[in-house]
Amino acid sequence: MAKQIDLHDVAHSELEMRSRYTTRVKACSSTACLSAGAGPVRQALDQAAEREDVNSDVQVVPTGCMGMCSSGPLVRVEPRGAEPTMYAQVTPDIATRIIREHVVVRKLIDEHVLDEDQPFFSRQRKIVLGNAGRIDPERIEDYVAEGGYQALAGALNDLAPEEVIEIIDDSGLRGRGGAGYPTAKKWDMLRRAEGSPKYLIANGDEGDQGAYMDRTIMEDDPHRVIEGMIIAAYATGASHGYIYVRAEYPTAVERLERAIRVARRQGLLGRNILGSDFDLQLEVRIGAGAFVCGEETALMASIEGRRGTPSLRPPYPTEKGLWGQPTMINNVETLANVPAIVANGAEWFGEVGTAQSKGTKVFALAGSLVNTGLIEVPMGITLREIVFDIGGGIPNDGVFKAAQSGGPSGGCLPASLLDSPVDYESLRKLGSMMGSGGLVVMDDSMRMPDVARFYMEFCREESCGKCAPCRTGTVQMHALLDRICEGVGRRRDLQHLESLCRTVRQTSLCGLGQSAPNPVVSTLDHFRHEYLDLLVPDVSYNGTAPSVPPRPQAPDPAVTTKGGSR
Amino acid sequence: MSRGNGRPSIPVTIDGQEAMAYEGETILDVATRIGVRIPRLCYLEGLSVWGGCRLCLVEVEDDPRYRLSCATPVVAEMAVTTTNWELHNHRRRIVEMLFAEGNHICAVCVSNGDCELQDLAAETDVDHIHYDLQHPDASVDASHPKYVLDRERCVLCTRCVRVCNEIEGAHVWDVGGRGSDSMIVAELSKPWGESPSCTWCGKCVLVCPTGALAFKGRAVGEMRHDPAVIDFLKTARDEGKWYERQEAR
Ligand SMILES: Cc1cc2nc3c(=O)[nH]c(=O)nc-3n(C[C@H](O)[C@H](O)[C@H](O)COP(=O)(O)O)c2cc1C
Ligand code: SF4
Ligand code: SF4
Ligand code: FES
């Protein structure tokens, strides 16, 4: 049997080790900062510390994402017993000065200090990203020192599986993968499902463009995902787990694999976890990076080594999933919420968020904003707070036009909806959706039909081709949008576009096709005039353009109008 | 036609017609048995359900979504409406888009007159293609001595894939590519004629709904498919029964 980790021992010696340093300098080493030059910055920090001979007093810690990616590379100086200071846009030169001036002679380099008292930081509420930017993701000791794996130990020692599910149920946690399905309900279904073995899958496919929430969670705090999975497996009776990550995320794969190896060595995975009689095997599976492989039935096909196309449901995965066995698929962020909920209780979690949508949501904030980056906010925060407080508003005195949430499956929210809360119900009511958490802000230089065309092109490229309406419909809708955007569309093109939106939405097999029309429908809802302005005017028989602008087309004189298909 | 054991015991209503269904029967099964026609393309009796053409969606009372009749088992007291104005329009648009996706020039096709796509066009009132023709750059595979595959006429129903895998057990065919680049390929993309697993049984040709798969040497309009033979074979194989059947047209 593997040696059992003593969590208290590890935490204690880690904290003691930390206290030996007078200053800890954290250098963001996540993908966004690395591409802005964080690698040489960290080298410069190390070298300067050596040159100044403060090696034994200063610890340089490579960490995950500190959030404000638009100001990277970020460095945070944390002197013992004094206020921490964050530096933005650090170059190797500034890094050297940070050591020489700030660390050694306690003189701040004012012009590069990033005020942490600004709303970008203060309006956020970090649960899943609690450790991101704070710990070295490659060291389990760092995670344990922050209280990691305590929730697991507590659950294994004191809670029956049903009690764990009850806590999750009471907390109101809902799936962060897009649809917002109550997590406890899914867990309960797997628990009750007949058959063995049962499988658990963490969905880290993250195929929407611009989204990097799940990547950041996996890269910056891999042990949190693993702890969440072990607790989920314990609660549901799963004995095998997979973390499905796209091949474009090599760092996430590497860190997860390392974390799994370490956890196994420490008796946190494998047989008799932490001395209990509970066993779990975990494995990382690498996907080829197709959007549709994030859909759960396609994802399972891909893990089984088959072509990644969706299949009909029912049967649902909890009845008949991976290799015909009961299987549960949870999003990475959903699972990353679990340790904190189990550790702090359902009530603590329920204090954040709204009545229907509890807790926080991580968003990848992008587009025309002063501050972009990765944020975690309480559910129910208004769009205005996200855009103007956290995002710092539109640069160069631009005007906010719309925000697109939910990526290619979502919709746009115009300025008139800035004060609506961001939660599952509200967004769906407004014709958008939470999605996995992409949030793109557009200023008034954007033409909304172009935006719709852009997302439709993505769906056309990502359609798996299994079902006729999505395979052919995305091609046709893209062609119609293309014609309209190029200024050669006619009124009948718009009519065809709208009727195809209804057909593709209601007849496609999986969520990709069913939601592909969403960006078109919502931009038409809110910015119809932009489409109309682009149309070639219809010419009447006497050669003059009709003076009446085309009216919104009446819906099909349908006997019924249904929401979709199954 | 294989049915559940015992007597039909599930009362259902299809287009106002009351019927008793067997345990495990789908909506499409029951409708077919009582003579109600539901448009379909990928479904073929005797093969596994694929669910790709989406033409067989029907309305089920008190259900907020349309249901796929080829894949949805009936439950007691289910009330099904097989078509309404909206469904009719959905089907028409899908059929139109299938025409637009390939190069369907009926006048020069071996299957003219024996084509389920043509039948569907008639059934869904398609008299005109409203959409851009995609003019695919699809290829013809005439490397097999007896048969020919013309991908320009393929509607990706995967009947050939399934019949080869499930009935013949050879698994020559698969779908390659993705989205609008999807195409039927033999042996991980080899010419059909070089396939070592093809047994020359011709089942894929018999089940193809269009002129995509055909016997060599047929002139325009001379091809006759026989998809119903699969159910006959399967019933004989599974139950040892050889029922009376009409030969192909
Ligand atoms: C086209 C498509 C893409 C999807 N991509 C993802 C994805 O990248 N990550 C994810 O967690 N869920 C994705 N989903 C949703 C999953 O099917 C599934 O609902 C989710 O992983 C369940 O986890 P949750 O209950 O924790 O949200 C996608 C769904 C569709 C239809
Ligand atoms: S909706 Fe699109 S992605 Fe989904 S099964 Fe159909 S073709 Fe594939
Ligand atoms: S070749 Fe014929 S049977 Fe095969 S997928 Fe195409 S249309 Fe269907
Ligand atoms: S016949 Fe049901 S989807 Fe094709």
# chains A, B, ... in the order shown; residues from 1 in each chain; ligands from 1
>>> interface_residues(of="chain B", to="chain A", cutoff="7 Å", atoms="only C-alpha atoms", output="ChimeraX atom specification")
/B:51-54,64-68,84-86,90,94,97,101,131,178-180,182
>>> closest_atom_pairs(of="chain A", to="ligand 1", cutoff="6 Å", atoms="only C-alpha atoms and all ligand atoms", output="JSON lines")
{"residue": "A:Gly175", "atom": "CA", "partner": "ligand 1", "partner_atom_place_in_ligand_line": "27 (O)", "distance": 3.2}
{"residue": "A:Arg176", "atom": "CA", "partner": "ligand 1", "partner_atom_place_in_ligand_line": "27 (O)", "distance": 4.2}
{"residue": "A:Gly177", "atom": "CA", "partner": "ligand 1", "partner_atom_place_in_ligand_line": "27 (O)", "distance": 3.2}
{"residue": "A:Gly178", "atom": "CA", "partner": "ligand 1", "partner_atom_place_in_ligand_line": "27 (O)", "distance": 5.4}
{"residue": "A:Ala179", "atom": "CA", "partner": "ligand 1", "partner_atom_place_in_ligand_line": "27 (O)", "distance": 5.9}
{"residue": "A:Gly180", "atom": "CA", "partner": "ligand 1", "partner_atom_place_in_ligand_line": "27 (O)", "distance": 5.7}
{"residue": "A:Tyr181", "atom": "CA", "partner": "ligand 1", "partner_atom_place_in_ligand_line": "25 (O)", "distance": 5.3}
{"residue": "A:Thr183", "atom": "CA", "partner": "ligand 1", "partner_atom_place_in_ligand_line": "25 (O)", "distance": 6.0}
{"residue": "A:Asn203", "atom": "CA", "partner": "ligand 1", "partner_atom_place_in_ligand_line": "11 (O)", "distance": 4.6}
{"residue": "A:Gly204", "atom": "CA", "partner": "ligand 1", "partner_atom_place_in_ligand_line": "9 (N)", "distance": 5.5}
{"residue": "A:Asp205", "atom": "CA", "partner": "ligand 1", "partner_atom_place_in_ligand_line": "8 (O)", "distance": 4.2}
{"residue": "A:Glu206", "atom": "CA", "partner": "ligand 1", "partner_atom_place_in_ligand_line": "8 (O)", "distance": 3.2}
{"residue": "A:Gly207", "atom": "CA", "partner": "ligand 1", "partner_atom_place_in_ligand_line": "8 (O)", "distance": 4.7}
{"residue": "A:Phe291", "atom": "CA", "partner": "ligand 1", "partner_atom_place_in_ligand_line": "3 (C)", "distance": 5.5}
{"residue": "A:Val292", "atom": "CA", "partner": "ligand 1", "partner_atom_place_in_ligand_line": "1 (C)", "distance": 4.3}
{"residue": "A:Gly294", "atom": "CA", "partner": "ligand 1", "partner_atom_place_in_ligand_line": "5 (N)", "distance": 3.4}
{"residue": "A:Glu295", "atom": "CA", "partner": "ligand 1", "partner_atom_place_in_ligand_line": "17 (O)", "distance": 3.6}
{"residue": "A:Glu296", "atom": "CA", "partner": "ligand 1", "partner_atom_place_in_ligand_line": "17 (O)", "distance": 4.0}
{"residue": "A:Ile329", "atom": "CA", "partner": "ligand 1", "partner_atom_place_in_ligand_line": "22 (C)", "distance": 5.4}
{"residue": "A:Asn330", "atom": "CA", "partner": "ligand 1", "partner_atom_place_in_ligand_line": "26 (O)", "distance": 3.6}
{"residue": "A:Asn331", "atom": "CA", "partner": "ligand 1", "partner_atom_place_in_ligand_line": "11 (O)", "distance": 3.7}
{"residue": "A:Thr334", "atom": "CA", "partner": "ligand 1", "partner_atom_place_in_ligand_line": "26 (O)", "distance": 4.9}
{"residue": "A:Cys510", "atom": "CA", "partner": "ligand 1", "partner_atom_place_in_ligand_line": "31 (C)", "distance": 5.6}
{"residue": "A:Gly511", "atom": "CA", "partner": "ligand 1", "partner_atom_place_in_ligand_line": "31 (C)", "distance": 3.4}
{"residue": "A:Leu512", "atom": "CA", "partner": "ligand 1", "partner_atom_place_in_ligand_line": "1 (C)", "distance": 3.9}
>>> write_last_selection(atoms="C-alpha atoms", output="PDB file, in the first residue's frame")
ATOM      1  CA  GLY A 175     -23.414  22.425 -13.463  1.00  0.00           C
ATOM      2  CA  ARG A 176     -20.971  25.023 -14.756  1.00  0.00           C
ATOM      3  CA  GLY A 177     -20.670  23.327 -18.152  1.00  0.00           C
ATOM      4  CA  GLY A 178     -23.492  25.374 -19.598  1.00  0.00           C
ATOM      5  CA  ALA A 179     -26.897  23.980 -18.866  1.00  0.00           C
ATOM      6  CA  GLY A 180     -26.939  24.502 -15.109  1.00  0.00           C
ATOM      7  CA  TYR A 181     -28.293  21.083 -14.214  1.00  0.00           C
ATOM      8  CA  THR A 183     -25.227  18.680  -9.585  1.00  0.00           C
ATOM      9  CA  ASN A 203     -15.209  17.600 -18.740  1.00  0.00           C
ATOM     10  CA  GLY A 204     -12.281  19.870 -19.541  1.00  0.00           C
ATOM     11  CA  ASP A 205     -12.825  20.051 -23.267  1.00  0.00           C
ATOM     12  CA  GLU A 206     -13.638  23.753 -23.293  1.00  0.00           C
ATOM     13  CA  GLY A 207     -14.230  24.270 -26.971  1.00  0.00           C
ATOM     14  CA  PHE A 291     -16.051  21.650 -29.944  1.00  0.00           C
ATOM     15  CA  VAL A 292     -18.584  18.870 -30.290  1.00  0.00           C
ATOM     16  CA  GLY A 294     -17.507  18.644 -25.150  1.00  0.00           C
ATOM     17  CA  GLU A 295     -20.996  17.248 -25.646  1.00  0.00           C
ATOM     18  CA  GLU A 296     -21.249  14.387 -23.241  1.00  0.00           C
ATOM     19  CA  ILE A 329     -19.996  13.828 -16.603  1.00  0.00           C
ATOM     20  CA  ASN A 330     -19.290  16.974 -14.625  1.00  0.00           C
ATOM     21  CA  ASN A 331     -17.620  20.122 -15.790  1.00  0.00           C
ATOM     22  CA  THR A 334     -18.354  22.272 -11.126  1.00  0.00           C
ATOM     23  CA  CYS A 510     -27.375  17.732 -30.121  1.00  0.00           C
ATOM     24  CA  GLY A 511     -26.837  21.014 -28.359  1.00  0.00           C
ATOM     25  CA  LEU A 512     -24.411  22.285 -30.978  1.00  0.00           C
TER      26      LEU A 512
END
>>> residues_around(residues="Val163 (chain B)", least_positions_apart="4", cutoff="10 Å", atoms="only C-alpha atoms", output="ChimeraX atom specification")
/B:44,46-48,158-159,167-173,203-208,230
>>> select_by_dssp(residues="region 1-58 of chain B", states="alpha helix (DSSP H)", output="list in words")
Ile27, Leu28, Asp29, Val30, Ala31, Thr32 and Arg33 of chain B
>>> write_last_selection(atoms="N, CA and C atoms", output="JSON list (two decimals), in the first residue's frame")
[["chain", "number", "residue", "atom", "x", "y", "z"],
["B", 27, "ILE", "N", -42.42, 4.67, -31.79],
["B", 27, "ILE", "CA", -43.57, 5.33, -32.42],
["B", 27, "ILE", "C", -43.62, 4.97, -33.90],
["B", 28, "LEU", "N", -42.44, 4.96, -34.54],
["B", 28, "LEU", "CA", -42.39, 4.68, -35.97],
["B", 28, "LEU", "C", -42.85, 3.24, -36.27],
["B", 29, "ASP", "N", -42.44, 2.31, -35.42],
["B", 29, "ASP", "CA", -42.87, 0.91, -35.59],
["B", 29, "ASP", "C", -44.38, 0.82, -35.60],
["B", 30, "VAL", "N", -45.00, 1.40, -34.58],
["B", 30, "VAL", "CA", -46.45, 1.28, -34.44],
["B", 30, "VAL", "C", -47.13, 1.95, -35.61],
["B", 31, "ALA", "N", -46.66, 3.16, -35.95],
["B", 31, "ALA", "CA", -47.29, 3.90, -37.05],
["B", 31, "ALA", "C", -47.22, 3.09, -38.33],
["B", 32, "THR", "N", -46.05, 2.50, -38.61],
["B", 32, "THR", "CA", -45.89, 1.71, -39.82],
["B", 32, "THR", "C", -46.84, 0.52, -39.80],
["B", 33, "ARG", "N", -46.95, -0.09, -38.66],
["B", 33, "ARG", "CA", -47.79, -1.29, -38.55],
["B", 33, "ARG", "C", -49.26, -0.98, -38.80]]
>>> select_by_dssp(residues="region 13-145 of chain B", states="strand (DSSP E)", output="NGL selection string")
:B and (13-14 or 17-21 or 57-60 or 65-68 or 78-81 or 140-141)
>>> write_last_selection(atoms="N, CA and C atoms", output="tab-separated table (two decimals), in the first residue's frame")
chain	number	residue	atom	x	y	z
B	13	THR	N	-52.39	6.47	-29.32
B	13	THR	CA	-53.17	7.08	-30.39
B	13	THR	C	-52.21	7.75	-31.36
B	14	ILE	N	-52.34	7.41	-32.63
B	14	ILE	CA	-51.50	8.04	-33.64
B	14	ILE	C	-52.39	8.70	-34.68
B	17	GLN	N	-55.87	7.76	-34.55
B	17	GLN	CA	-56.19	6.34	-34.69
B	17	GLN	C	-55.71	5.61	-33.45
B	18	GLU	N	-56.60	4.86	-32.82
B	18	GLU	CA	-56.20	4.15	-31.61
B	18	GLU	C	-55.56	2.82	-31.98
B	19	ALA	N	-54.51	2.45	-31.24
B	19	ALA	CA	-53.82	1.21	-31.55
B	19	ALA	C	-53.25	0.62	-30.28
B	20	MET	N	-52.95	-0.68	-30.33
B	20	MET	CA	-52.28	-1.32	-29.22
B	20	MET	C	-50.85	-1.63	-29.67
B	21	ALA	N	-49.90	-1.26	-28.81
B	21	ALA	CA	-48.50	-1.44	-29.18
B	21	ALA	C	-47.84	-2.52	-28.34
B	57	LEU	N	-39.24	13.30	-36.88
B	57	LEU	CA	-39.71	13.95	-35.66
B	57	LEU	C	-41.23	14.08	-35.69
B	58	VAL	N	-41.85	13.83	-34.56
B	58	VAL	CA	-43.31	13.94	-34.48
B	58	VAL	C	-43.68	14.71	-33.21
B	59	GLU	N	-44.94	15.10	-33.17
B	59	GLU	CA	-45.43	15.82	-32.01
B	59	GLU	C	-46.08	14.84	-31.05
B	60	VAL	N	-45.71	14.94	-29.78
B	60	VAL	CA	-46.32	14.09	-28.77
B	60	VAL	C	-47.06	15.00	-27.79
B	65	ARG	N	-41.15	19.14	-26.46
B	65	ARG	CA	-40.25	19.02	-27.60
B	65	ARG	C	-40.77	17.98	-28.57
B	66	TYR	N	-40.37	18.13	-29.82
B	66	TYR	CA	-40.68	17.09	-30.79
B	66	TYR	C	-39.87	15.84	-30.44
B	67	ARG	N	-40.43	14.68	-30.77
B	67	ARG	CA	-39.74	13.42	-30.45
B	67	ARG	C	-39.34	12.71	-31.74
B	68	LEU	N	-38.21	12.03	-31.66
B	68	LEU	CA	-37.72	11.29	-32.81
B	68	LEU	C	-38.47	9.95	-32.86
B	78	MET	N	-49.92	7.37	-24.96
B	78	MET	CA	-49.22	8.39	-25.73
B	78	MET	C	-50.11	8.83	-26.90
B	79	ALA	N	-50.20	10.14	-27.10
B	79	ALA	CA	-50.97	10.63	-28.24
B	79	ALA	C	-50.03	11.36	-29.20
B	80	VAL	N	-49.90	10.79	-30.39
B	80	VAL	CA	-48.91	11.28	-31.34
B	80	VAL	C	-49.60	11.95	-32.53
B	81	THR	N	-49.07	13.09	-32.93
B	81	THR	CA	-49.50	13.70	-34.19
B	81	THR	C	-48.30	13.68	-35.11
B	140	VAL	N	-16.24	10.14	-57.21
B	140	VAL	CA	-16.87	8.88	-57.58
B	140	VAL	C	-15.84	7.78	-57.37
B	141	ASP	N	-16.26	6.69	-56.75
B	141	ASP	CA	-15.36	5.56	-56.58
B	141	ASP	C	-15.90	4.40	-57.43
>>> residues_around(residues="Leu535 (chain A)", least_positions_apart="2", cutoff="6 Å", atoms="only C-alpha atoms", output="list in words")
Gly489, Arg490, Leu532, Asp533 and Pro537 of chain A
>>> residues_around(residues="Pro378 (chain A)", least_positions_apart="3", cutoff="9 Å", atoms="only C-alpha atoms", output="PyMOL selection string")
chain A and resi 123-126+352-354+358-362+381+422
>>> write_last_selection(atoms="all heavy atoms", output="CSV table (one decimal), in the first residue's frame")
chain,number,residue,atom,x,y,z
A,123,ARG,N,-14.4,43.5,-6.5
A,123,ARG,CA,-15.7,43.0,-6.8
A,123,ARG,C,-15.8,41.5,-7.0
A,123,ARG,O,-16.8,41.0,-7.2
A,123,ARG,CB,-16.3,43.7,-8.0
A,123,ARG,CG,-16.4,45.2,-7.9
A,123,ARG,CD,-17.2,45.6,-6.6
A,123,ARG,NE,-18.6,45.4,-6.7
A,123,ARG,CZ,-19.5,46.3,-7.1
A,123,ARG,NH1,-19.1,47.5,-7.4
A,123,ARG,NH2,-20.8,46.0,-7.1
A,124,GLN,N,-14.6,40.9,-7.1
A,124,GLN,CA,-14.6,39.5,-7.3
A,124,GLN,C,-14.8,38.7,-6.0
A,124,GLN,O,-14.6,39.2,-5.0
A,124,GLN,CB,-13.3,39.1,-8.0
A,124,GLN,CG,-13.1,39.7,-9.4
A,124,GLN,CD,-12.1,39.0,-10.1
A,124,GLN,OE1,-12.0,37.7,-10.2
A,124,GLN,NE2,-11.2,39.7,-10.8
A,125,ARG,N,-15.2,37.5,-6.2
A,125,ARG,CA,-15.3,36.6,-5.1
A,125,ARG,C,-14.7,35.3,-5.5
A,125,ARG,O,-15.2,34.6,-6.4
A,125,ARG,CB,-16.8,36.5,-4.7
A,125,ARG,CG,-17.1,35.4,-3.6
A,125,ARG,CD,-16.6,36.0,-2.3
A,125,ARG,NE,-16.5,34.8,-1.3
A,125,ARG,CZ,-17.4,34.5,-0.5
A,125,ARG,NH1,-18.5,35.2,-0.3
A,125,ARG,NH2,-17.2,33.5,0.3
A,126,LYS,N,-13.6,34.9,-4.8
A,126,LYS,CA,-12.9,33.7,-5.4
A,126,LYS,C,-13.2,32.5,-4.5
A,126,LYS,O,-12.9,32.4,-3.3
A,126,LYS,CB,-11.4,34.0,-5.4
A,126,LYS,CG,-11.1,35.2,-6.3
A,126,LYS,CD,-9.9,35.0,-7.2
A,126,LYS,CE,-9.8,36.1,-8.2
A,126,LYS,NZ,-8.7,36.0,-9.0
A,352,VAL,N,-23.5,33.1,-1.1
A,352,VAL,CA,-23.1,33.7,-2.4
A,352,VAL,C,-24.1,33.4,-3.5
A,352,VAL,O,-24.5,32.3,-3.6
A,352,VAL,CB,-21.7,33.3,-2.8
A,352,VAL,CG1,-21.2,34.1,-3.9
A,352,VAL,CG2,-20.7,33.3,-1.6
A,353,GLY,N,-24.4,34.4,-4.3
A,353,GLY,CA,-25.3,34.1,-5.4
A,353,GLY,C,-26.7,34.5,-5.2
A,353,GLY,O,-27.1,35.2,-4.2
A,354,THR,N,-27.6,34.0,-6.1
A,354,THR,CA,-29.0,34.3,-6.0
A,354,THR,C,-29.8,33.1,-5.5
A,354,THR,O,-29.2,32.0,-5.3
A,354,THR,CB,-29.5,34.7,-7.4
A,354,THR,OG1,-29.5,33.5,-8.2
A,354,THR,CG2,-28.7,35.8,-8.0
A,358,LYS,N,-26.6,29.6,-7.1
A,358,LYS,CA,-25.8,29.8,-6.0
A,358,LYS,C,-24.3,29.8,-6.4
A,358,LYS,O,-23.9,29.2,-7.4
A,358,LYS,CB,-25.9,28.6,-5.0
A,358,LYS,CG,-27.3,28.5,-4.5
A,358,LYS,CD,-27.6,29.4,-3.3
A,358,LYS,CE,-28.9,29.2,-2.7
A,358,LYS,NZ,-29.6,30.4,-2.4
A,359,GLY,N,-23.5,30.5,-5.5
A,359,GLY,CA,-22.1,30.5,-5.7
A,359,GLY,C,-21.6,31.5,-6.7
A,359,GLY,O,-22.2,32.5,-6.9
A,360,THR,N,-20.4,31.1,-7.3
A,360,THR,CA,-19.8,32.1,-8.2
A,360,THR,C,-19.7,31.5,-9.6
A,360,THR,O,-20.0,30.3,-9.8
A,360,THR,CB,-18.3,32.3,-7.7
A,360,THR,OG1,-17.6,31.0,-7.7
A,360,THR,CG2,-18.2,32.9,-6.3
A,361,LYS,N,-19.3,32.3,-10.5
A,361,LYS,CA,-19.0,31.8,-11.9
A,361,LYS,C,-17.7,32.5,-12.4
A,361,LYS,O,-17.5,33.7,-12.2
A,361,LYS,CB,-20.2,32.1,-12.8
A,361,LYS,CG,-20.0,31.7,-14.2
A,361,LYS,CD,-20.2,30.2,-14.4
A,361,LYS,CE,-19.7,29.6,-15.7
A,361,LYS,NZ,-18.3,29.2,-15.7
A,362,VAL,N,-16.9,31.7,-13.0
A,362,VAL,CA,-15.7,32.2,-13.6
A,362,VAL,C,-16.0,32.6,-15.0
A,362,VAL,O,-16.6,31.9,-15.7
A,362,VAL,CB,-14.6,31.1,-13.6
A,362,VAL,CG1,-13.3,31.7,-14.1
A,362,VAL,CG2,-14.3,30.6,-12.2
A,381,ILE,N,-24.6,39.1,-10.0
A,381,ILE,CA,-23.9,40.4,-10.3
A,381,ILE,C,-24.5,40.9,-11.6
A,381,ILE,O,-24.9,40.2,-12.5
A,381,ILE,CB,-22.4,40.2,-10.4
A,381,ILE,CG1,-21.7,41.6,-10.3
A,381,ILE,CG2,-22.0,39.4,-11.6
A,381,ILE,CD1,-20.1,41.4,-10.3
A,422,VAL,N,-26.6,38.5,-13.8
A,422,VAL,CA,-26.0,37.4,-14.6
A,422,VAL,C,-26.2,36.1,-13.8
A,422,VAL,O,-25.5,35.9,-12.8
A,422,VAL,CB,-24.5,37.7,-14.8
A,422,VAL,CG1,-23.9,36.5,-15.5
A,422,VAL,CG2,-24.4,38.9,-15.7
>>> residues_around(residues="Val49 (chain B)", least_positions_apart="5", cutoff="7 Å", atoms="only C-alpha atoms", output="MDAnalysis selection string")
chainID B and resid 43 70:71
>>> residues_near_ligand(ligand="ligand 3", cutoff="8 Å", atoms="only C-alpha atoms and all ligand atoms", output="ChimeraX atom specification")
/B:42,149-151,153-161,183-184,204-205,207-213
>>> write_last_selection(atoms="N, CA and C atoms", output="compact mmCIF listing (two decimals), in the first residue's frame")
# COMPACT_ATOMS: atom_id res chain seq x y z
N CYS B 42 -32.99 7.94 -42.74
CA CYS B 42 -31.86 7.12 -42.26
C CYS B 42 -32.33 5.81 -41.66
N LEU B 149 -19.76 3.85 -56.28
CA LEU B 149 -20.20 4.82 -55.27
C LEU B 149 -20.01 6.23 -55.83
N ASP B 150 -21.12 6.96 -55.93
CA ASP B 150 -21.05 8.35 -56.38
C ASP B 150 -21.39 9.25 -55.20
N ARG B 151 -20.36 9.83 -54.59
CA ARG B 151 -20.57 10.58 -53.35
C ARG B 151 -21.39 11.85 -53.56
N ARG B 153 -24.17 11.98 -54.73
CA ARG B 153 -25.58 11.65 -54.53
C ARG B 153 -25.83 11.10 -53.13
N CYS B 154 -24.81 11.12 -52.30
CA CYS B 154 -24.93 10.52 -50.97
C CYS B 154 -25.59 11.50 -50.01
N VAL B 155 -26.53 11.03 -49.22
CA VAL B 155 -27.18 11.89 -48.24
C VAL B 155 -26.72 11.56 -46.81
N LEU B 156 -25.65 10.78 -46.70
CA LEU B 156 -25.03 10.45 -45.41
C LEU B 156 -26.01 9.82 -44.41
N CYS B 157 -26.86 8.94 -44.92
CA CYS B 157 -27.81 8.27 -44.03
C CYS B 157 -27.13 7.16 -43.24
N THR B 158 -25.95 6.73 -43.67
CA THR B 158 -25.15 5.66 -43.06
C THR B 158 -25.82 4.28 -43.08
N ARG B 159 -26.83 4.11 -43.92
CA ARG B 159 -27.40 2.76 -44.01
C ARG B 159 -26.34 1.76 -44.49
N CYS B 160 -25.52 2.20 -45.45
CA CYS B 160 -24.50 1.29 -45.99
C CYS B 160 -23.49 0.90 -44.90
N VAL B 161 -23.13 1.90 -44.07
CA VAL B 161 -22.18 1.64 -42.99
C VAL B 161 -22.75 0.61 -42.04
N MET B 183 -17.86 12.27 -45.51
CA MET B 183 -18.13 11.42 -46.67
C MET B 183 -17.94 9.96 -46.31
N ILE B 184 -18.61 9.14 -47.11
CA ILE B 184 -18.52 7.71 -46.88
C ILE B 184 -17.19 7.21 -47.44
N CYS B 204 -25.00 -3.10 -49.24
CA CYS B 204 -24.97 -1.64 -49.16
C CYS B 204 -25.65 -1.02 -50.37
N VAL B 205 -25.48 -1.65 -51.51
CA VAL B 205 -26.09 -1.12 -52.73
C VAL B 205 -27.62 -1.24 -52.62
N VAL B 207 -29.50 -1.20 -50.01
CA VAL B 207 -30.19 -0.35 -49.02
C VAL B 207 -30.05 1.13 -49.30
N CYS B 208 -29.17 1.53 -50.19
CA CYS B 208 -28.93 2.96 -50.41
C CYS B 208 -30.23 3.64 -50.89
N PRO B 209 -30.62 4.71 -50.24
CA PRO B 209 -31.89 5.35 -50.61
C PRO B 209 -31.81 6.15 -51.92
N THR B 210 -30.60 6.46 -52.36
CA THR B 210 -30.44 7.29 -53.56
C THR B 210 -29.60 6.56 -54.59
N GLY B 211 -29.16 7.28 -55.58
CA GLY B 211 -28.31 6.67 -56.59
C GLY B 211 -26.83 6.66 -56.21
N ALA B 212 -26.53 6.92 -54.94
CA ALA B 212 -25.12 6.99 -54.55
C ALA B 212 -24.43 5.65 -54.71
N LEU B 213 -25.12 4.58 -54.34
CA LEU B 213 -24.57 3.26 -54.51
C LEU B 213 -25.41 2.54 -55.57
>>> atom_distance(atom1="CA of Met328 (chain A)", atom2="CA of Ala132 (chain A)")
26.6 Å
>>> closest_residue(among="A:Trp348, A:Tyr249, A:Phe458, A:Tyr531", to="ligand 2", atoms="only C-alpha atoms and all ligand atoms")
A:Phe458
>>> residues_around(residues="Val520 (chain A)", least_positions_apart="6", cutoff="12 Å", atoms="only C-alpha atoms", output="NGL selection string")
:A and (404 or 408-412 or 431-432 or 448-457 or 459 or 474 or 477-478 or 480-481 or 494 or 497-502 or 504-505 or 526-528 or 531)
>>> atom_distance(atom1="CA of Asp397 (chain A)", atom2="CA of Asn371 (chain A)")
13.9 Å
